[in-house]
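Let me begin by presenting the structure, written as structure tokens, before commenting on it.
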Amino acid sequence: MKKVLAVFAASLFLAGSAFAQTGWWSDFIRVSVDGGADAYYWIGDDPSWGTEFAGSNIGTVNVGGSIQLGADMRYWGEGGDREGGAFYYSVNGDPEVETIWTQTALGGNDFQGLLDPTDGPNVAAGAPVGTHELAVWAKSWGSTEGDSWLNNDGDNFVGSFTVVPEPSSLLLGSMGLLGLLAARRRR
């Protein structure tokens, strides 16, 4: 009977460690448009400040402009087993891009992942004129507690950004059109 109880206790211990708890709170994608001040867009649960990322247009830039992403994520692992983390993004359904942040232990089982947008990716690089879908999600990882995903029940968090023609291109195009109209009018 003692052996049965010992095996049962060991089974419970192993099962508990296999399903250790992890989670997220106060999670933001930081956005800098053309080098401007960071805007904070929350993903996950509403932290009661910032703007919700899902459904937002995070910025408008001219062709060749920049929309750089960073992160300020807070997460925890029941056993304190969080070894790092990253956010992921995809523009218009293209393959995902992983961006690893710097992790800091906050004490206890809590961690913070930070990446300044100036060090992050420019999601508008090479994007043509138009509105583009931007999906983001995040993950923290650990050796015993495994991966902890922050996504919208597998659908990710989807916002957008817009690229417009450069004002000089519009001006040149407008002047050319005016010239054509003036030449036609003279005839």
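Every chain in the structure tokens takes a letter, A first, then B, and so on in the order presented; its residues are numbered from 1, and the ligands are numbered from 1 following the presented order.
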query: Near Ala138 in chain A, counting only C-alpha atoms, which residues have an atom at most 7 Å away, once you skip same-chain residues fewer than 2 positions from it, shown as number ranges by chain?
result: A: 86-88, 149-151
Preceding selection exported with N, CA, C and O atoms as a PDB file, in the first residue's frame:
ATOM      1  N   ALA A  86       9.715  36.714 -26.838  1.00  0.00           N
ATOM      2  CA  ALA A  86       9.762  37.432 -28.101  1.00  0.00           C
ATOM      3  C   ALA A  86       8.349  37.808 -28.524  1.00  0.00           C
ATOM      4  O   ALA A  86       7.377  37.207 -28.079  1.00  0.00           O
ATOM      5  N   PHE A  87       8.264  38.828 -29.380  1.00  0.00           N
ATOM      6  CA  PHE A  87       7.003  39.048 -30.057  1.00  0.00           C
ATOM      7  C   PHE A  87       7.208  38.701 -31.523  1.00  0.00           C
ATOM      8  O   PHE A  87       8.325  38.666 -32.025  1.00  0.00           O
ATOM      9  N   TYR A  88       6.117  38.406 -32.168  1.00  0.00           N
ATOM     10  CA  TYR A  88       6.122  37.990 -33.564  1.00  0.00           C
ATOM     11  C   TYR A  88       5.187  38.921 -34.321  1.00  0.00           C
ATOM     12  O   TYR A  88       4.209  39.411 -33.765  1.00  0.00           O
ATOM     13  N   TRP A 149       2.038  31.274 -24.715  1.00  0.00           N
ATOM     14  CA  TRP A 149       1.689  32.115 -25.854  1.00  0.00           C
ATOM     15  C   TRP A 149       0.697  33.195 -25.442  1.00  0.00           C
ATOM     16  O   TRP A 149      -0.213  32.941 -24.651  1.00  0.00           O
ATOM     17  N   LEU A 150       0.879  34.370 -25.990  1.00  0.00           N
ATOM     18  CA  LEU A 150      -0.090  35.455 -25.848  1.00  0.00           C
ATOM     19  C   LEU A 150      -0.609  35.734 -27.248  1.00  0.00           C
ATOM     20  O   LEU A 150       0.065  36.364 -28.067  1.00  0.00           O
ATOM     21  N   ASN A 151      -1.767  35.159 -27.531  1.00  0.00           N
ATOM     22  CA  ASN A 151      -2.402  35.401 -28.826  1.00  0.00           C
ATOM     23  C   ASN A 151      -3.907  35.479 -28.585  1.00  0.00           C
ATOM     24  O   ASN A 151      -4.383  35.240 -27.496  1.00  0.00           O
TER      25      ASN A 151
END
- Could you please write out, as a VMD selection string, every residue of range 108-180 of chain A that DSSP assigns to strand (DSSP E or B)? chain A and resid 110 to 115 122 130 to 141 148 to 150 157 to 164
Generate the output file for the selected residues, N, CA, C and O atoms, as a short mmCIF file (atom, residue, chain, number, x, y, z; two decimals), in the first residue's frame.
data_model
loop_
_atom_site.label_atom_id
_atom_site.label_comp_id
_atom_site.auth_asym_id
_atom_site.auth_seq_id
_atom_site.Cartn_x
_atom_site.Cartn_y
_atom_site.Cartn_z
N ASP A 110 7.79 36.89 -11.52
CA ASP A 110 7.41 37.88 -12.53
C ASP A 110 8.60 38.35 -13.35
O ASP A 110 9.71 38.51 -12.83
N PHE A 111 8.30 38.61 -14.63
CA PHE A 111 9.33 39.03 -15.58
C PHE A 111 8.80 40.14 -16.48
O PHE A 111 7.58 40.28 -16.65
N GLN A 112 9.73 40.90 -17.05
CA GLN A 112 9.37 41.94 -18.01
C GLN A 112 10.26 41.79 -19.24
O GLN A 112 11.47 41.62 -19.12
N GLY A 113 9.64 41.86 -20.41
CA GLY A 113 10.36 41.84 -21.66
C GLY A 113 10.29 43.22 -22.29
O GLY A 113 9.20 43.75 -22.49
N LEU A 114 11.45 43.80 -22.58
CA LEU A 114 11.50 45.14 -23.14
C LEU A 114 12.29 45.17 -24.45
O LEU A 114 13.33 44.52 -24.57
N LEU A 115 11.78 45.94 -25.40
CA LEU A 115 12.51 46.24 -26.62
C LEU A 115 12.11 47.64 -27.04
O LEU A 115 10.92 47.92 -27.25
N ASN A 122 11.27 47.74 -38.64
CA ASN A 122 10.47 48.72 -39.36
C ASN A 122 9.49 47.94 -40.24
O ASN A 122 9.86 47.44 -41.29
N GLY A 130 -0.88 52.05 -49.66
CA GLY A 130 -2.10 51.34 -49.30
C GLY A 130 -2.15 51.05 -47.82
O GLY A 130 -1.26 51.42 -47.06
N THR A 131 -3.22 50.37 -47.42
CA THR A 131 -3.39 49.97 -46.02
C THR A 131 -2.95 48.52 -45.89
O THR A 131 -3.30 47.69 -46.73
N HIS A 132 -2.20 48.23 -44.84
CA HIS A 132 -1.60 46.91 -44.65
C HIS A 132 -2.04 46.33 -43.32
O HIS A 132 -2.06 47.02 -42.30
N GLU A 133 -2.34 45.03 -43.32
CA GLU A 133 -2.73 44.31 -42.11
C GLU A 133 -1.47 43.91 -41.35
O GLU A 133 -0.53 43.38 -41.93
N LEU A 134 -1.47 44.16 -40.05
CA LEU A 134 -0.33 43.81 -39.19
C LEU A 134 -0.83 42.95 -38.04
O LEU A 134 -1.64 43.39 -37.23
N ALA A 135 -0.38 41.70 -38.01
CA ALA A 135 -0.74 40.77 -36.93
C ALA A 135 0.44 40.65 -35.98
O ALA A 135 1.59 40.56 -36.42
N VAL A 136 0.16 40.66 -34.67
CA VAL A 136 1.21 40.49 -33.65
C VAL A 136 0.75 39.47 -32.61
O VAL A 136 -0.44 39.27 -32.40
N TRP A 137 1.72 38.83 -31.99
CA TRP A 137 1.50 37.91 -30.88
C TRP A 137 2.82 37.75 -30.16
O TRP A 137 3.84 38.27 -30.61
N ALA A 138 2.81 37.06 -29.02
CA ALA A 138 4.04 36.97 -28.21
C ALA A 138 4.16 35.59 -27.57
O ALA A 138 3.20 34.83 -27.49
N LYS A 139 5.38 35.30 -27.12
CA LYS A 139 5.67 34.03 -26.46
C LYS A 139 6.78 34.24 -25.44
O LYS A 139 7.74 34.95 -25.69
N SER A 140 6.62 33.60 -24.28
CA SER A 140 7.75 33.46 -23.35
C SER A 140 8.02 31.97 -23.24
O SER A 140 7.16 31.15 -23.52
N TRP A 141 9.25 31.62 -22.87
CA TRP A 141 9.60 30.21 -22.82
C TRP A 141 10.41 29.89 -21.58
O TRP A 141 11.03 30.76 -20.98
N SER A 148 4.68 29.78 -23.28
CA SER A 148 3.45 30.46 -22.91
C SER A 148 3.15 31.47 -24.01
O SER A 148 3.93 32.40 -24.25
N TRP A 149 2.04 31.27 -24.71
CA TRP A 149 1.69 32.12 -25.85
C TRP A 149 0.70 33.20 -25.44
O TRP A 149 -0.21 32.94 -24.65
N LEU A 150 0.88 34.37 -25.99
CA LEU A 150 -0.09 35.46 -25.85
C LEU A 150 -0.61 35.73 -27.25
O LEU A 150 0.06 36.36 -28.07
N PHE A 157 -3.40 39.22 -32.74
CA PHE A 157 -3.99 40.55 -32.59
C PHE A 157 -3.70 41.29 -33.88
O PHE A 157 -2.55 41.40 -34.29
N VAL A 158 -4.74 41.80 -34.53
CA VAL A 158 -4.58 42.36 -35.87
C VAL A 158 -4.97 43.84 -35.89
O VAL A 158 -6.08 44.21 -35.52
N GLY A 159 -4.01 44.65 -36.31
CA GLY A 159 -4.22 46.07 -36.54
C GLY A 159 -3.82 46.37 -37.97
O GLY A 159 -3.72 45.47 -38.81
N SER A 160 -3.56 47.64 -38.25
CA SER A 160 -3.16 48.01 -39.60
C SER A 160 -2.27 49.25 -39.57
O SER A 160 -2.14 49.92 -38.54
N PHE A 161 -1.67 49.54 -40.70
CA PHE A 161 -0.95 50.80 -40.91
C PHE A 161 -1.14 51.19 -42.37
O PHE A 161 -1.51 50.36 -43.20
N THR A 162 -0.92 52.46 -42.67
CA THR A 162 -1.17 52.98 -44.00
C THR A 162 0.08 53.64 -44.55
O THR A 162 0.77 54.37 -43.83
N VAL A 163 0.36 53.40 -45.82
CA VAL A 163 1.47 54.04 -46.52
C VAL A 163 0.85 54.91 -47.62
O VAL A 163 -0.01 54.45 -48.38
N VAL A 164 1.26 56.18 -47.66
CA VAL A 164 0.75 57.13 -48.66
C VAL A 164 1.91 57.60 -49.54
O VAL A 164 3.07 57.49 -49.15
#
**Prompt:** So which residues of range 10-175 of chain A fall under helix (DSSP H, G or I) by DSSP, listed as a ChimeraX atom specification?
**Reply:** /A:10-18,117-119,167-175
Across A:Asn57, A:Asn62, A:Asn156, A:Gln21, the smallest distance to Tyr89 in chain A, with only C-alpha atoms counted, is shown by A:Asn156
CA of Asp153 in chain A to CA of Leu106 in chain A measures 26.8 Å
Which residues come within 6 Å of Val33 in chain A, counting only C-alpha atoms, excluding same-chain residues fewer than 3 positions away, as a PyMOL selection string? chain A and resi 36+66-67
Counting only C-alpha atoms, the residue among A:Gly79, A:Gly35, A:Gly44, A:Gly64 that lies closest to Gly142 in chain A is A:Gly79
- Test item: residues at most 7 Å from Trp42 in chain A, only C-alpha atoms, excluding those fewer than 6 positions along its chain, as number ranges by chain: A: 27-29, 50-53
Q | Selected residue, from A:Gly23, A:Val63, A:Gly146, A:Ser32, that lies nearest to Asp45 in chain A when counting only C-alpha atoms | A |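 That would be A:Gly23, the residue with the smallest distance to Asp45 in chain A.
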Q. Neighbours of Gly70 in chain A within 8 Å (only C-alpha atoms; same-chain residues fewer than 3 positions away dropped), as a VMD selection string?
A. chain A and resid 29 to 31 114 to 121
Let's have the selection written as a PDB file, in the first residue's frame, with N, CA, C and O atoms.
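This is the output file result36.pdb:
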ATOM      1  N   ILE A  29       2.577  46.508 -27.251  1.00  0.00           N
ATOM      2  CA  ILE A  29       3.429  46.711 -28.418  1.00  0.00           C
ATOM      3  C   ILE A  29       3.694  48.207 -28.455  1.00  0.00           C
ATOM      4  O   ILE A  29       2.756  49.015 -28.429  1.00  0.00           O
ATOM      5  N   ARG A  30       4.949  48.582 -28.474  1.00  0.00           N
ATOM      6  CA  ARG A  30       5.328  49.997 -28.544  1.00  0.00           C
ATOM      7  C   ARG A  30       5.551  50.354 -30.008  1.00  0.00           C
ATOM      8  O   ARG A  30       6.209  49.624 -30.739  1.00  0.00           O
ATOM      9  N   VAL A  31       5.015  51.491 -30.441  1.00  0.00           N
ATOM     10  CA  VAL A  31       5.075  51.891 -31.841  1.00  0.00           C
ATOM     11  C   VAL A  31       5.666  53.290 -31.947  1.00  0.00           C
ATOM     12  O   VAL A  31       5.228  54.206 -31.256  1.00  0.00           O
ATOM     13  N   LEU A 114      11.452  43.795 -22.581  1.00  0.00           N
ATOM     14  CA  LEU A 114      11.499  45.142 -23.144  1.00  0.00           C
ATOM     15  C   LEU A 114      12.287  45.169 -24.448  1.00  0.00           C
ATOM     16  O   LEU A 114      13.329  44.518 -24.572  1.00  0.00           O
ATOM     17  N   LEU A 115      11.784  45.937 -25.400  1.00  0.00           N
ATOM     18  CA  LEU A 115      12.510  46.245 -26.623  1.00  0.00           C
ATOM     19  C   LEU A 115      12.106  47.642 -27.038  1.00  0.00           C
ATOM     20  O   LEU A 115      10.918  47.918 -27.253  1.00  0.00           O
ATOM     21  N   ASP A 116      13.078  48.537 -27.120  1.00  0.00           N
ATOM     22  CA  ASP A 116      12.817  49.895 -27.571  1.00  0.00           C
ATOM     23  C   ASP A 116      12.520  49.869 -29.074  1.00  0.00           C
ATOM     24  O   ASP A 116      13.207  49.174 -29.820  1.00  0.00           O
ATOM     25  N   PRO A 117      11.516  50.612 -29.536  1.00  0.00           N
ATOM     26  CA  PRO A 117      11.213  50.606 -30.968  1.00  0.00           C
ATOM     27  C   PRO A 117      12.395  51.009 -31.853  1.00  0.00           C
ATOM     28  O   PRO A 117      12.502  50.531 -32.984  1.00  0.00           O
ATOM     29  N   THR A 118      13.291  51.845 -31.343  1.00  0.00           N
ATOM     30  CA  THR A 118      14.446  52.225 -32.164  1.00  0.00           C
ATOM     31  C   THR A 118      15.341  51.036 -32.465  1.00  0.00           C
ATOM     32  O   THR A 118      16.114  51.060 -33.414  1.00  0.00           O
ATOM     33  N   ASP A 119      15.237  49.973 -31.649  1.00  0.00           N
ATOM     34  CA  ASP A 119      15.993  48.738 -31.880  1.00  0.00           C
ATOM     35  C   ASP A 119      15.149  47.666 -32.568  1.00  0.00           C
ATOM     36  O   ASP A 119      15.635  46.579 -32.855  1.00  0.00           O
ATOM     37  N   GLY A 120      13.871  47.975 -32.785  1.00  0.00           N
ATOM     38  CA  GLY A 120      12.951  46.993 -33.342  1.00  0.00           C
ATOM     39  C   GLY A 120      12.802  47.114 -34.849  1.00  0.00           C
ATOM     40  O   GLY A 120      13.371  47.984 -35.496  1.00  0.00           O
ATOM     41  N   PRO A 121      12.001  46.230 -35.415  1.00  0.00           N
ATOM     42  CA  PRO A 121      11.819  46.182 -36.859  1.00  0.00           C
ATOM     43  C   PRO A 121      10.986  47.342 -37.385  1.00  0.00           C
ATOM     44  O   PRO A 121      10.105  47.855 -36.703  1.00  0.00           O
TER      45      PRO A 121
END
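The coordinates place CA of Val129 in chain A at 9.4 Å from CA of Val61 in chain A.
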